[in-house]
Structure formats: structure tokens, C-alpha cells
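As stored in protein.cif (mmCIF, C-alpha atoms):
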data_work
loop_
_atom_site.label_atom_id
_atom_site.label_comp_id
_atom_site.auth_asym_id
_atom_site.auth_seq_id
_atom_site.Cartn_x
_atom_site.Cartn_y
_atom_site.Cartn_z
CA VAL A 1 -65.70 65.92 25.24
CA ILE A 2 -69.40 65.06 25.55
CA GLY A 3 -68.78 63.45 28.94
CA ILE A 4 -66.95 66.51 30.26
CA ALA A 5 -69.70 68.81 28.95
CA LEU A 6 -72.40 66.73 30.66
CA ALA A 7 -70.42 66.67 33.90
CA LEU A 8 -70.07 70.47 33.82
CA MET A 9 -73.75 70.99 33.02
CA PRO A 10 -74.85 71.16 36.71
CA LEU A 11 -72.16 73.77 37.38
CA ALA A 12 -73.45 75.77 34.42
CA LEU A 13 -76.99 75.61 35.82
CA ILE A 14 -75.73 76.75 39.25
CA GLY A 15 -74.01 79.67 37.53
CA ALA A 16 -77.27 80.51 35.71
CA LEU A 17 -79.11 80.55 39.06
CA ALA A 18 -76.45 82.80 40.55
CA LEU A 19 -76.85 85.21 37.65
CA GLY A 20 -80.62 85.35 38.15
CA TYR A 21 -81.78 83.04 35.32
CA HIS A 22 -83.99 81.00 37.65
CA TYR A 23 -86.73 80.10 35.13
CA THR A 24 -84.20 79.11 32.45
CA ALA A 25 -82.29 76.87 34.88
CA LEU A 26 -85.50 75.09 35.96
CA LYS A 27 -86.57 74.48 32.33
CA LEU A 28 -83.14 73.16 31.34
CA THR A 29 -82.97 70.91 34.43
CA GLY A 30 -86.30 69.29 33.61
CA ARG A 31 -85.27 68.66 30.01
CA LEU A 32 -81.92 67.22 31.07
CA ILE A 33 -83.68 64.73 33.35
CA ASP A 34 -86.07 63.77 30.51
CA THR A 35 -83.05 63.37 28.21
CA LEU A 36 -81.47 61.00 30.74
CA PHE A 37 -84.62 58.86 30.74
CA VAL A 38 -84.65 58.79 26.92
CA LEU A 39 -81.01 57.64 26.86
CA ILE A 40 -81.70 54.88 29.41
CA ILE A 41 -84.67 53.58 27.41
CA TRP A 42 -82.60 53.71 24.21
CA ARG A 43 -79.76 51.68 25.75
CA LEU A 44 -82.17 49.07 27.13
CA ALA A 45 -83.95 48.77 23.78
CA GLU A 46 -80.63 48.41 21.92
CA ALA A 47 -79.35 45.71 24.27
CA THR A 48 -82.66 43.82 24.02
CA ALA A 49 -82.69 44.03 20.22
CA VAL A 50 -79.07 42.89 19.89
CA ARG A 51 -79.68 39.94 22.20
CA GLY A 52 -82.87 38.93 20.37
CA LEU A 53 -81.14 39.17 17.00
CA ALA A 54 -78.23 37.05 18.20
CA VAL A 55 -80.64 34.36 19.44
CA ALA A 56 -82.56 34.43 16.14
CA ALA A 57 -79.33 34.10 14.13
CA ARG A 58 -78.11 31.20 16.26
CA ARG A 59 -81.49 29.49 15.94
CA LEU A 60 -81.34 29.87 12.15
CA GLU A 61 -77.76 28.54 12.03
CA HIS A 62 -78.70 25.56 14.20
CA LYS A 63 -81.74 24.83 12.03
CA ARG A 64 -79.59 24.81 8.87
CA ALA A 65 -77.01 22.57 10.55
CA VAL A 66 -79.71 20.07 11.57
CA GLU A 67 -81.13 20.08 8.04
CA ARG A 68 -77.67 19.39 6.58
CA ARG A 69 -77.13 16.57 9.06
CA GLU A 70 -80.47 14.97 8.21
CA ALA A 71 -79.79 15.32 4.48
CA ALA A 72 -76.35 13.77 4.92
CA GLU A 73 -77.84 10.88 6.90
CA ARG A 74 -80.36 10.20 4.17
CA GLU A 75 -77.87 10.34 1.32
CA ALA A 76 -74.58 9.15 2.76
CA GLY A 77 -75.32 7.24 5.97
CA LEU A 78 -74.64 8.03 9.60
CA GLU A 79 -70.86 7.61 9.39
CA ILE A 80 -70.47 10.41 6.82
CA ALA A 81 -73.10 12.58 8.49
CA ASN A 82 -71.01 12.78 11.65
CA ASP A 83 -68.22 14.42 9.67
CA PRO A 84 -67.87 17.96 11.09
CA GLU A 85 -67.10 19.35 7.61
CA ILE A 86 -70.68 18.62 6.56
CA LEU A 87 -72.10 20.61 9.45
CA GLU A 88 -69.78 23.54 8.78
CA ARG A 89 -70.79 23.87 5.13
CA PRO A 90 -72.71 27.20 4.97
CA VAL A 91 -76.04 27.54 3.18
CA ILE A 92 -76.44 31.27 3.82
CA ASP A 93 -73.99 33.71 5.33
CA VAL A 94 -75.60 34.00 8.77
CA GLU A 95 -72.92 36.39 10.04
CA LYS A 96 -73.42 38.77 7.11
CA VAL A 97 -77.20 38.67 7.51
CA SER A 98 -76.86 39.33 11.25
CA GLN A 99 -74.59 42.31 10.62
CA GLN A 100 -77.09 43.76 8.14
CA SER A 101 -79.94 43.28 10.61
CA LEU A 102 -77.89 44.76 13.45
CA ARG A 103 -77.07 47.86 11.41
CA LEU A 104 -80.72 48.30 10.48
CA ILE A 105 -81.92 47.89 14.07
CA ARG A 106 -79.34 50.36 15.34
CA LEU A 107 -80.37 52.77 12.60
CA GLY A 108 -84.01 52.47 13.68
CA LEU A 109 -83.10 52.92 17.35
CA LEU A 110 -80.98 55.94 16.45
CA GLY A 111 -83.98 57.41 14.65
CA GLY A 112 -86.11 56.73 17.73
CA LEU A 113 -83.48 58.37 19.94
CA LEU A 114 -83.36 61.46 17.75
CA GLY A 115 -87.16 61.58 17.74
CA GLY A 116 -87.24 61.34 21.54
CA LEU A 117 -84.62 64.03 21.93
CA TYR A 118 -86.51 66.23 19.49
CA GLY A 119 -89.68 65.73 21.51
CA VAL A 120 -87.85 66.83 24.66
CA TRP A 121 -86.09 69.84 23.15
CA ALA A 122 -88.57 70.76 20.36
CA ASP A 123 -89.67 74.08 21.77
CA LEU A 124 -86.05 75.17 22.18
CA ILE A 125 -84.88 74.16 18.73
CA THR A 126 -85.71 77.03 16.42
CA VAL A 127 -82.81 76.85 14.02
CA PHE A 128 -84.72 74.67 11.55
CA ALA A 129 -87.45 77.26 11.26
CA TYR A 130 -84.94 79.66 9.71
CA LEU A 131 -84.07 77.11 7.00
CA ASP A 132 -87.49 77.69 5.42
CA ASN A 133 -86.52 81.31 4.84
CA ILE A 134 -83.54 80.29 2.68
CA THR A 135 -85.05 79.71 -0.76
CA LEU A 136 -82.73 77.93 -3.20
CA TYR A 137 -84.97 77.84 -6.27
CA GLU A 138 -88.59 77.81 -7.38
CA TYR A 139 -90.59 75.58 -9.71
CA ALA A 140 -93.92 76.04 -11.45
CA SER A 141 -96.82 73.93 -10.20
CA GLY A 142 -99.80 73.55 -12.52
CA SER A 143 -100.21 74.75 -16.08
CA GLY A 144 -101.45 77.80 -17.92
CA ASP A 145 -102.86 80.71 -15.95
CA THR A 146 -103.22 78.60 -12.80
CA ALA A 147 -99.49 77.88 -12.54
CA THR A 148 -97.94 78.97 -9.26
CA LEU A 149 -94.35 79.16 -8.13
CA VAL A 150 -93.49 76.80 -5.29
CA PRO A 151 -90.25 77.60 -3.44
CA ILE A 152 -87.74 74.92 -2.46
CA SER A 153 -85.92 75.89 0.70
CA LEU A 154 -82.76 74.60 2.30
CA ARG A 155 -84.95 72.59 4.69
CA ASP A 156 -86.48 70.70 1.74
CA VAL A 157 -83.02 69.87 0.40
CA LEU A 158 -81.90 68.55 3.79
CA GLY A 159 -85.10 66.49 4.01
CA ALA A 160 -84.40 65.01 0.57
CA LEU A 161 -80.90 64.02 1.68
CA VAL A 162 -82.33 62.35 4.78
CA ILE A 163 -84.85 60.40 2.65
CA ALA A 164 -82.10 59.27 0.27
CA ALA A 165 -79.90 58.14 3.15
CA LEU A 166 -82.77 56.21 4.77
CA ALA A 167 -83.67 54.55 1.45
CA PHE A 168 -80.05 53.49 0.93
CA ALA A 169 -79.79 52.10 4.46
CA LEU A 170 -83.09 50.20 4.13
CA ALA A 171 -82.23 48.77 0.71
CA SER A 172 -78.87 47.58 2.03
CA ASN A 173 -79.99 46.08 5.35
CA LEU A 174 -83.73 45.35 5.34
CA PRO A 175 -83.41 42.16 3.22
CA GLY A 176 -81.05 40.67 5.82
CA LEU A 177 -83.44 41.47 8.66
CA LEU A 178 -86.33 39.96 6.67
CA GLN A 179 -84.26 36.81 6.07
CA VAL A 180 -83.52 36.31 9.78
CA LEU A 181 -86.86 37.26 11.33
CA VAL A 182 -89.46 36.20 8.72
CA LEU A 183 -88.26 34.09 5.79
CA SER A 184 -86.22 31.71 7.95
CA ARG A 185 -89.45 30.62 9.68
CA MET A 186 -91.27 29.90 6.41
CA LYS A 187 -90.96 26.76 4.32
CA LEU A 188 -89.91 28.27 1.00
CA ALA A 189 -88.58 26.58 -2.09
CA GLN A 190 -84.89 26.78 -2.86
CA GLY A 191 -83.89 30.29 -3.93
CA SER A 192 -87.25 31.88 -3.06
CA ALA A 193 -85.87 33.83 -0.10
CA TYR A 194 -83.08 35.27 -2.25
CA ALA A 195 -85.54 36.33 -4.96
CA ILE A 196 -87.83 37.99 -2.40
CA THR A 197 -85.06 39.94 -0.68
CA THR A 198 -83.49 41.04 -3.98
CA LEU A 199 -86.77 42.32 -5.40
CA LEU A 200 -87.51 44.05 -2.08
CA SER A 201 -84.22 45.94 -2.26
CA TYR A 202 -85.06 47.04 -5.84
CA VAL A 203 -88.49 48.31 -4.74
CA ILE A 204 -87.08 50.22 -1.75
CA ALA A 205 -84.43 51.86 -3.93
CA GLY A 206 -87.05 52.88 -6.52
CA VAL A 207 -89.43 54.32 -3.90
CA GLY A 208 -86.53 56.20 -2.28
CA ILE A 209 -85.53 57.78 -5.60
CA VAL A 210 -89.12 58.86 -6.36
CA ALA A 211 -89.61 60.28 -2.83
CA THR A 212 -86.31 62.18 -2.97
CA LEU A 213 -87.12 63.73 -6.34
CA GLY A 214 -90.64 64.57 -5.17
CA THR A 215 -89.25 66.41 -2.14
CA LEU A 216 -87.03 68.44 -4.46
CA GLY A 217 -90.03 69.39 -6.61
CA VAL A 218 -89.31 66.99 -9.48
CA SER A 219 -92.71 65.35 -10.04
CA TRP A 220 -93.57 62.55 -12.44
CA ASP A 221 -95.25 64.83 -14.99
CA LYS A 222 -91.88 66.55 -15.45
CA LEU A 223 -89.96 63.29 -15.61
CA GLN A 224 -92.12 61.23 -17.97
CA TRP A 225 -90.69 62.74 -21.18
CA LEU A 226 -87.17 62.44 -19.84
CA VAL A 227 -87.80 58.81 -18.89
CA ALA A 228 -89.20 58.13 -22.36
CA ALA A 229 -86.14 59.66 -23.99
CA LEU A 230 -83.80 57.74 -21.71
CA SER A 231 -85.66 54.52 -22.50
CA VAL A 232 -85.05 55.02 -26.21
CA GLY A 233 -81.41 55.86 -25.53
CA LEU A 234 -80.99 52.80 -23.36
CA GLY A 235 -82.62 50.65 -25.99
CA PHE A 236 -80.09 51.67 -28.63
CA GLY A 237 -76.96 52.80 -26.84
CA LEU A 238 -76.91 50.42 -23.85
CA GLN A 239 -78.84 47.57 -25.39
CA GLU A 240 -76.82 44.76 -23.84
CA ILE A 241 -76.79 46.24 -20.33
CA PHE A 242 -80.52 46.96 -20.49
CA ALA A 243 -81.18 43.44 -21.80
CA ASN A 244 -79.16 41.94 -18.95
CA PHE A 245 -81.11 43.99 -16.41
CA ILE A 246 -84.48 42.84 -17.78
CA SER A 247 -83.15 39.28 -17.98
CA GLY A 248 -82.15 39.50 -14.31
CA LEU A 249 -85.72 40.44 -13.38
CA ILE A 250 -87.04 37.56 -15.51
CA ILE A 251 -84.70 35.15 -13.70
CA LEU A 252 -85.90 36.37 -10.30
CA PHE A 253 -89.59 36.10 -11.24
CA GLU A 254 -89.62 33.02 -13.49
CA ARG A 255 -86.76 31.32 -11.59
CA PRO A 256 -85.31 29.03 -14.28
CA VAL A 257 -82.16 29.09 -12.13
CA ARG A 258 -81.97 29.71 -8.38
CA ILE A 259 -79.29 30.16 -5.78
CA GLY A 260 -77.73 26.74 -5.16
CA ASP A 261 -78.74 25.16 -8.49
CA VAL A 262 -76.13 23.17 -10.41
CA VAL A 263 -76.16 24.33 -14.03
CA THR A 264 -74.25 23.75 -17.26
CA ILE A 265 -73.90 26.48 -19.87
CA GLY A 266 -71.92 25.38 -22.89
CA ASN A 267 -68.77 23.82 -21.49
CA LEU A 268 -69.10 25.55 -18.09
CA SER A 269 -70.61 23.80 -15.06
CA GLY A 270 -71.01 24.97 -11.49
CA THR A 271 -73.32 26.15 -8.72
CA VAL A 272 -75.25 29.43 -8.91
CA SER A 273 -73.97 31.54 -6.02
CA ARG A 274 -75.23 35.07 -6.78
CA ILE A 275 -77.82 36.75 -9.03
CA GLN A 276 -77.19 40.46 -9.54
CA ILE A 277 -78.59 43.21 -11.75
CA ARG A 278 -76.27 42.64 -14.71
CA ALA A 279 -74.78 39.18 -14.30
CA THR A 280 -75.03 35.90 -12.41
CA THR A 281 -72.08 34.37 -10.61
CA ILE A 282 -71.45 30.63 -10.98
CA THR A 283 -68.90 28.89 -8.77
CA ASP A 284 -67.45 25.90 -10.58
CA PHE A 285 -66.19 22.72 -8.94
CA ASP A 286 -62.65 24.13 -8.74
CA HIS A 287 -64.03 27.08 -6.69
CA LYS A 288 -63.48 29.53 -9.54
CA GLU A 289 -66.15 32.22 -9.93
CA ILE A 290 -67.56 32.61 -13.44
CA ILE A 291 -69.47 35.81 -14.28
CA VAL A 292 -72.22 35.04 -16.81
CA PRO A 293 -74.45 37.84 -18.24
CA ASN A 294 -78.11 37.37 -17.32
CA LYS A 295 -79.12 37.46 -20.97
CA THR A 296 -77.41 34.11 -21.48
CA PHE A 297 -79.85 32.36 -19.11
CA VAL A 298 -82.86 33.71 -21.01
CA THR A 299 -81.78 33.37 -24.64
CA ASP A 300 -79.39 30.39 -24.64
CA GLN A 301 -79.92 26.75 -23.79
CA ILE A 302 -78.83 25.77 -20.29
CA VAL A 303 -78.94 22.55 -18.30
CA ASN A 304 -80.25 22.88 -14.74
CA TRP A 305 -79.39 19.66 -12.92
CA THR A 306 -81.42 20.50 -9.80
CA LEU A 307 -84.40 22.56 -10.98
CA SER A 308 -87.20 20.26 -9.80
CA ASP A 309 -85.31 17.14 -8.63
CA THR A 310 -81.86 16.76 -7.13
CA VAL A 311 -81.60 13.09 -8.18
CA THR A 312 -79.42 12.76 -11.29
CA ARG A 313 -78.20 9.67 -13.09
CA VAL A 314 -74.45 9.50 -13.68
CA THR A 315 -73.41 7.52 -16.77
CA ILE A 316 -69.94 5.96 -16.56
CA ARG A 317 -68.32 4.65 -19.74
CA LEU A 318 -65.52 2.09 -19.42
CA GLY A 319 -63.85 -0.56 -21.51
CA VAL A 320 -62.67 -4.12 -20.78
CA ALA A 321 -60.24 -6.37 -22.54
CA TYR A 322 -61.37 -8.43 -25.49
CA GLY A 323 -62.38 -11.92 -24.47
CA SER A 324 -63.53 -10.91 -20.97
CA ASP A 325 -66.61 -12.56 -19.48
CA LEU A 326 -69.12 -9.75 -19.93
CA GLU A 327 -71.58 -11.28 -17.47
CA VAL A 328 -68.92 -11.33 -14.75
CA VAL A 329 -67.98 -7.73 -15.56
CA ARG A 330 -71.62 -6.68 -15.33
CA ARG A 331 -72.13 -8.50 -12.01
CA LEU A 332 -68.99 -6.97 -10.48
CA LEU A 333 -69.92 -3.46 -11.58
CA LEU A 334 -73.42 -3.74 -10.13
CA GLU A 335 -71.99 -5.17 -6.89
CA ILE A 336 -69.57 -2.23 -6.61
CA ALA A 337 -72.43 0.22 -7.20
CA ARG A 338 -74.71 -1.40 -4.59
CA GLU A 339 -71.95 -1.39 -1.95
CA ASN A 340 -71.38 2.34 -2.42
CA PRO A 341 -73.45 4.15 0.27
CA ARG A 342 -73.93 7.18 -1.97
CA VAL A 343 -75.68 5.22 -4.73
CA LEU A 344 -79.47 5.24 -4.37
CA GLU A 345 -81.46 2.03 -4.17
CA ASP A 346 -84.40 3.62 -6.00
CA PRO A 347 -83.78 4.03 -8.87
CA ALA A 348 -81.42 1.08 -8.70
CA PRO A 349 -78.11 1.11 -10.58
CA MET A 350 -78.19 -0.51 -14.02
#
Same coordinates, now as C-alpha cells:
Amino acid sequence: VIGIALALMPLALIGALALGYHYTALKLTGRLIDTLFVLIIWRLAEATAVRGLAVAARRLEHKRAVERREAAEREAGLEIANDPEILERPVIDVEKVSQQSLRLIRLGLLGGLLGGLYGVWADLITVFAYLDNITLYEYASGSGDTATLVPISLRDVLGALVIAALAFALASNLPGLLQVLVLSRMKLAQGSAYAITTLLSYVIAGVGIVATLGTLGVSWDKLQWLVAALSVGLGFGLQEIFANFISGLIILFERPVRIGDVVTIGNLSGTVSRIQIRATTITDFDHKEIIVPNKTFVTDQIVNWTLSDTVTRVTIRLGVAYGSDLEVVRRLLLEIARENPRVLEDPAPM
């Protein structure tokens, strides 16, 4: 439909000229040509951004594969390092991060396109001016005799919806773009990138909520008593959920557990795969996902096998027949351990 309308646009301009609307036809022709230039620039920018993002994602994936190969060579020897399964073991979901970044870039380019089109057609777009005349409600600004009524129009409501949509899109996709373009080039400790991107999404969501309410005339001085009352209600009525939320923030800041750590809680052991607002997901060695409330990591005793050092001693208990030569048993066991390429020489087996 849009293609047919654009194709018929010159015929419409010819008809306007024939009817005597010479000035209108000239103005519309100039704006149509400017619109064409804006669309060309938008398409070139989108293609360039998509190509650059694909190259950055491939570079990040190759860097992770090289790091896994080098780690495998150090720990298991060259023969095991050449196993393709080791190179295919993902550290981060590059495809998911790339999709988030691509959505965010396209959203930004779409905003630029709309801004360019608005700049071209601004003096002809007068419909938004009428939205200010539609007053939905009024609120009092100030106190006492100096209080004045400030109207909230339909335009303000539409602006608030736009701000909320932008905040949601940024909170969902900006962490992925930051991971690909910035954090992947920095030498960060394990789990630091995840903590940074998670906290960034929380901050963006909070700023978006405050900006949306401010556009609708709901300022902080009107919300502070409501927030205080809700805090008391959360403290009593939703105590466990609120405690898990605060515990999740403590985990992200203090980092007693990080993404990729091997932990043991009670009789459960596995690898930390996700830290969310309410709970943390642990993937055990049978690939089952265990949902553990965040409060458990703060209040209970946990064993983190890889917090500051990934080297862990494995104690093996075994029995031999009565009357066996214990010295021979000891020598054979140490020989078996030394011949295993996955046993470290320092510290030596004992």
C-alpha cells in the first residue's frame, strides 16, 4: 500500500498543478525529495550498524573460543584441546546478545528516522498542537496560597507512554549492546560483566518510571508518603520477597557468588547460571536447573569452589584387602595420578 501511494504521488502533484495549486505542489515536491534523502541515509546507517555489530559479535565469539582452547591446553593437554566440543562450549550467549544489540540499534535508527522526517515535515504537522488543548486532568503545584493548577493534556500522556516504551526497550537491550561493544574489550573478573549489565538495567528501569510519573504530574513530594507506606507494607506483608530482592542486590555488589561459579548449598551442587531479582538459578551436573531464593546465599552457609581459585583438591577414599602391601598400593595410586593429564603437578598428588 505504501509503495503504491508513493508511486501515485507524482500523479497527485501533477493533478494539484492542473488544479492551480502551484505553490503547494512545489513545497510538497521539495519535501518528498528531502524525505528520499533521509530514507537513503537511514538505510545506509542501518546496514553499516548491522555489519559492524556482526563483526563485533564474531570477534567476541572467536576471542572466547581461543581462551577456551588455551585453557584446555593448559589443563588437559593438546590432544583434548583439539576436541571440537571444547570449542563449542558457550561462555555467554553471543547470539542472544547480538539480537538485543541489533534491536536496540534499530530502535535508535528508527528514532533518528522519525526525527529526520519530523524535521522535514515539521511545519506541516499541526495535529500535535491540538493535543495540548485536550486537558485530561489538573494537579496542584506548590502549597498554600501560591498553589497553582497545572493541566495535563493528551500530549503529556502520549509523551509519558513514549518515555515508558523507550525505558523498557533500553532496559531490555542496552545491557547486551554494552556487553558486545564495551565490556568484551575489558579484562574483567568472572561475573563482573553480568553484575554491571544487571545493575544497569535496574537503573534504567527506575529512571524510566520516575520520568514517566514526572511527565504525568506525579512528583516525588507526592509519592514520598506513599513510598513510605508501601515500604512498611512490604516489610510485613511481603517480607520474604523483599528480603530476596535486597539479597539479590547484595549478591551483585558483594559478589559472594558469580555467574559460572561452582557452589554447594546443603546437599545441592552445581554451577550458577543466572542471578535474577528474586532467585538465583543453579544448573547441577545432571543439567537440572535449581531455583534457589537469593536470601539463602546471604543468610545460610554455602561452599563456593571457585570464588578466588579454580584449583580444588579431590579426596578419593578407597579400601584394599587385608594383608595387601600398603607401600605398593601407595606407589601404584601415585603413579596412576601422575599419568593422568588432568592432575596438576603443582600441587602434586599425595
Discussion item. Considering all atoms listed in the file, can you say which of A:Ser172, A:Thr312, A:Gln224, A:Thr306 comes closest to A:Thr271?
Written reply: A:Thr306
Worksheet, complete the sentence: The distance between atom CA of A:Thr264 and atom CA of A:Glu345 is 26.4 Å
Worksheet entry | Pick from A:Leu149, A:Leu36, A:Ala25, A:Met350 nearest to A:Arg338, counting only C-alpha atoms |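 Among A:Leu149, A:Leu36, A:Ala25, A:Met350, it is A:Met350 that comes nearest to A:Arg338.
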Worksheet item: Could you state the separation of atom CA of A:Gly119 and atom CA of A:Thr135 in Å, given to one decimal place?
Response: 26.7 Å
Once the PyMOL selection byres ((chain A and resi 293-301) around 12) has been evaluated on this model, what residues remain selected, and can you format them as an mmCIF file with C-alpha atoms, in the coordinates of the input?
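expr_12.cif, written as the output of this step:
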data_model
loop_
_atom_site.group_PDB
_atom_site.id
_atom_site.type_symbol
_atom_site.label_atom_id
_atom_site.label_comp_id
_atom_site.auth_asym_id
_atom_site.auth_seq_id
_atom_site.Cartn_x
_atom_site.Cartn_y
_atom_site.Cartn_z
ATOM 1 C CA GLN A 239 -78.840 47.570 -25.390
ATOM 2 C CA GLU A 240 -76.820 44.760 -23.840
ATOM 3 C CA ILE A 241 -76.790 46.240 -20.330
ATOM 4 C CA PHE A 242 -80.520 46.960 -20.490
ATOM 5 C CA ALA A 243 -81.180 43.440 -21.800
ATOM 6 C CA ASN A 244 -79.160 41.940 -18.950
ATOM 7 C CA PHE A 245 -81.110 43.990 -16.410
ATOM 8 C CA ILE A 246 -84.480 42.840 -17.780
ATOM 9 C CA SER A 247 -83.150 39.280 -17.980
ATOM 10 C CA GLY A 248 -82.150 39.500 -14.310
ATOM 11 C CA LEU A 249 -85.720 40.440 -13.380
ATOM 12 C CA ILE A 250 -87.040 37.560 -15.510
ATOM 13 C CA ILE A 251 -84.700 35.150 -13.700
ATOM 14 C CA LEU A 252 -85.900 36.370 -10.300
ATOM 15 C CA GLU A 254 -89.620 33.020 -13.490
ATOM 16 C CA ARG A 255 -86.760 31.320 -11.590
ATOM 17 C CA PRO A 256 -85.310 29.030 -14.280
ATOM 18 C CA VAL A 257 -82.160 29.090 -12.130
ATOM 19 C CA ARG A 258 -81.970 29.710 -8.380
ATOM 20 C CA VAL A 263 -76.160 24.330 -14.030
ATOM 21 C CA THR A 264 -74.250 23.750 -17.260
ATOM 22 C CA ILE A 265 -73.900 26.480 -19.870
ATOM 23 C CA GLY A 266 -71.920 25.380 -22.890
ATOM 24 C CA ASN A 267 -68.770 23.820 -21.490
ATOM 25 C CA VAL A 272 -75.250 29.430 -8.910
ATOM 26 C CA ARG A 274 -75.230 35.070 -6.780
ATOM 27 C CA ILE A 275 -77.820 36.750 -9.030
ATOM 28 C CA GLN A 276 -77.190 40.460 -9.540
ATOM 29 C CA ILE A 277 -78.590 43.210 -11.750
ATOM 30 C CA ARG A 278 -76.270 42.640 -14.710
ATOM 31 C CA ALA A 279 -74.780 39.180 -14.300
ATOM 32 C CA THR A 280 -75.030 35.900 -12.410
ATOM 33 C CA THR A 281 -72.080 34.370 -10.610
ATOM 34 C CA ILE A 282 -71.450 30.630 -10.980
ATOM 35 C CA ILE A 290 -67.560 32.610 -13.440
ATOM 36 C CA ILE A 291 -69.470 35.810 -14.280
ATOM 37 C CA VAL A 292 -72.220 35.040 -16.810
ATOM 38 C CA ILE A 302 -78.830 25.770 -20.290
ATOM 39 C CA VAL A 303 -78.940 22.550 -18.300
ATOM 40 C CA ASN A 304 -80.250 22.880 -14.740
#
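Within the file as shown, the PyMOL selection byres ((chain A and resi 106-111) around 9) identifies Trp42, Ala45, Glu46, Ala49, Val50, Ser101, Leu102, Arg103, Leu104, Ile105, Gly112, Leu113, Leu114, Gly115, Gly116, Leu166 and Ala169 of chain A.
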Worksheet item: Using all atoms listed in the file, which of A:Leu28, A:Val227, A:Leu318, A:Leu6 sits nearest A:Leu124?
Response: A:Leu28
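Atom pair atom CA of A:Ile41 / atom CA of A:Thr29: separated by 18.8 Å.
Among the candidates A:Ala56, A:Val203, A:Ala195, A:Ala211, the residue lying nearest to A:Ala160 is A:Ala211 (atoms considered: all atoms listed in the file).
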Discussion item. Given the point (-80.7, 46.6, 4.0) in the coordinates of this file, which residues lie within 10 Å, counting only C-alpha atoms, and how would they look as a list in words?
Written reply: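 These residues have at least one counted atom within 10 Å: Val97, Gln99, Gln100, Ser101, Arg103, Leu104, Leu166, Ala167, Phe168, Ala169, Leu170, Ala171, Ser172, Asn173, Leu174, Pro175, Gly176, Leu177, Leu178, Thr197, Leu200, Ser201 and Ile204 of chain A.
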Those selected residues, please, written with C-alpha atoms and delivered as a short mmCIF file (atom, residue, chain, number, x, y, z; two decimals), in the coordinates of the input.
data_model
loop_
_atom_site.label_atom_id
_atom_site.label_comp_id
_atom_site.auth_asym_id
_atom_site.auth_seq_id
_atom_site.Cartn_x
_atom_site.Cartn_y
_atom_site.Cartn_z
CA VAL A 97 -77.20 38.67 7.51
CA GLN A 99 -74.59 42.31 10.62
CA GLN A 100 -77.09 43.76 8.14
CA SER A 101 -79.94 43.28 10.61
CA ARG A 103 -77.07 47.86 11.41
CA LEU A 104 -80.72 48.30 10.48
CA LEU A 166 -82.77 56.21 4.77
CA ALA A 167 -83.67 54.55 1.45
CA PHE A 168 -80.05 53.49 0.93
CA ALA A 169 -79.79 52.10 4.46
CA LEU A 170 -83.09 50.20 4.13
CA ALA A 171 -82.23 48.77 0.71
CA SER A 172 -78.87 47.58 2.03
CA ASN A 173 -79.99 46.08 5.35
CA LEU A 174 -83.73 45.35 5.34
CA PRO A 175 -83.41 42.16 3.22
CA GLY A 176 -81.05 40.67 5.82
CA LEU A 177 -83.44 41.47 8.66
CA LEU A 178 -86.33 39.96 6.67
CA THR A 197 -85.06 39.94 -0.68
CA LEU A 200 -87.51 44.05 -2.08
CA SER A 201 -84.22 45.94 -2.26
CA ILE A 204 -87.08 50.22 -1.75
#
Discussion item. So that I can see what lies close to A:Thr24, please list as a PyMOL selection string the residues with an atom at most 12 Å from it, counting all atoms listed in the file and leaving out residues fewer than 4 positions away in the same chain.
Written reply: chain A and resi 12-20+28-31+124
Response to the item:
Of A:Thr212, A:Thr148, A:Thr198, A:Ser269, the one nearest to A:Leu161 when counting all atoms listed in the file is A:Thr212
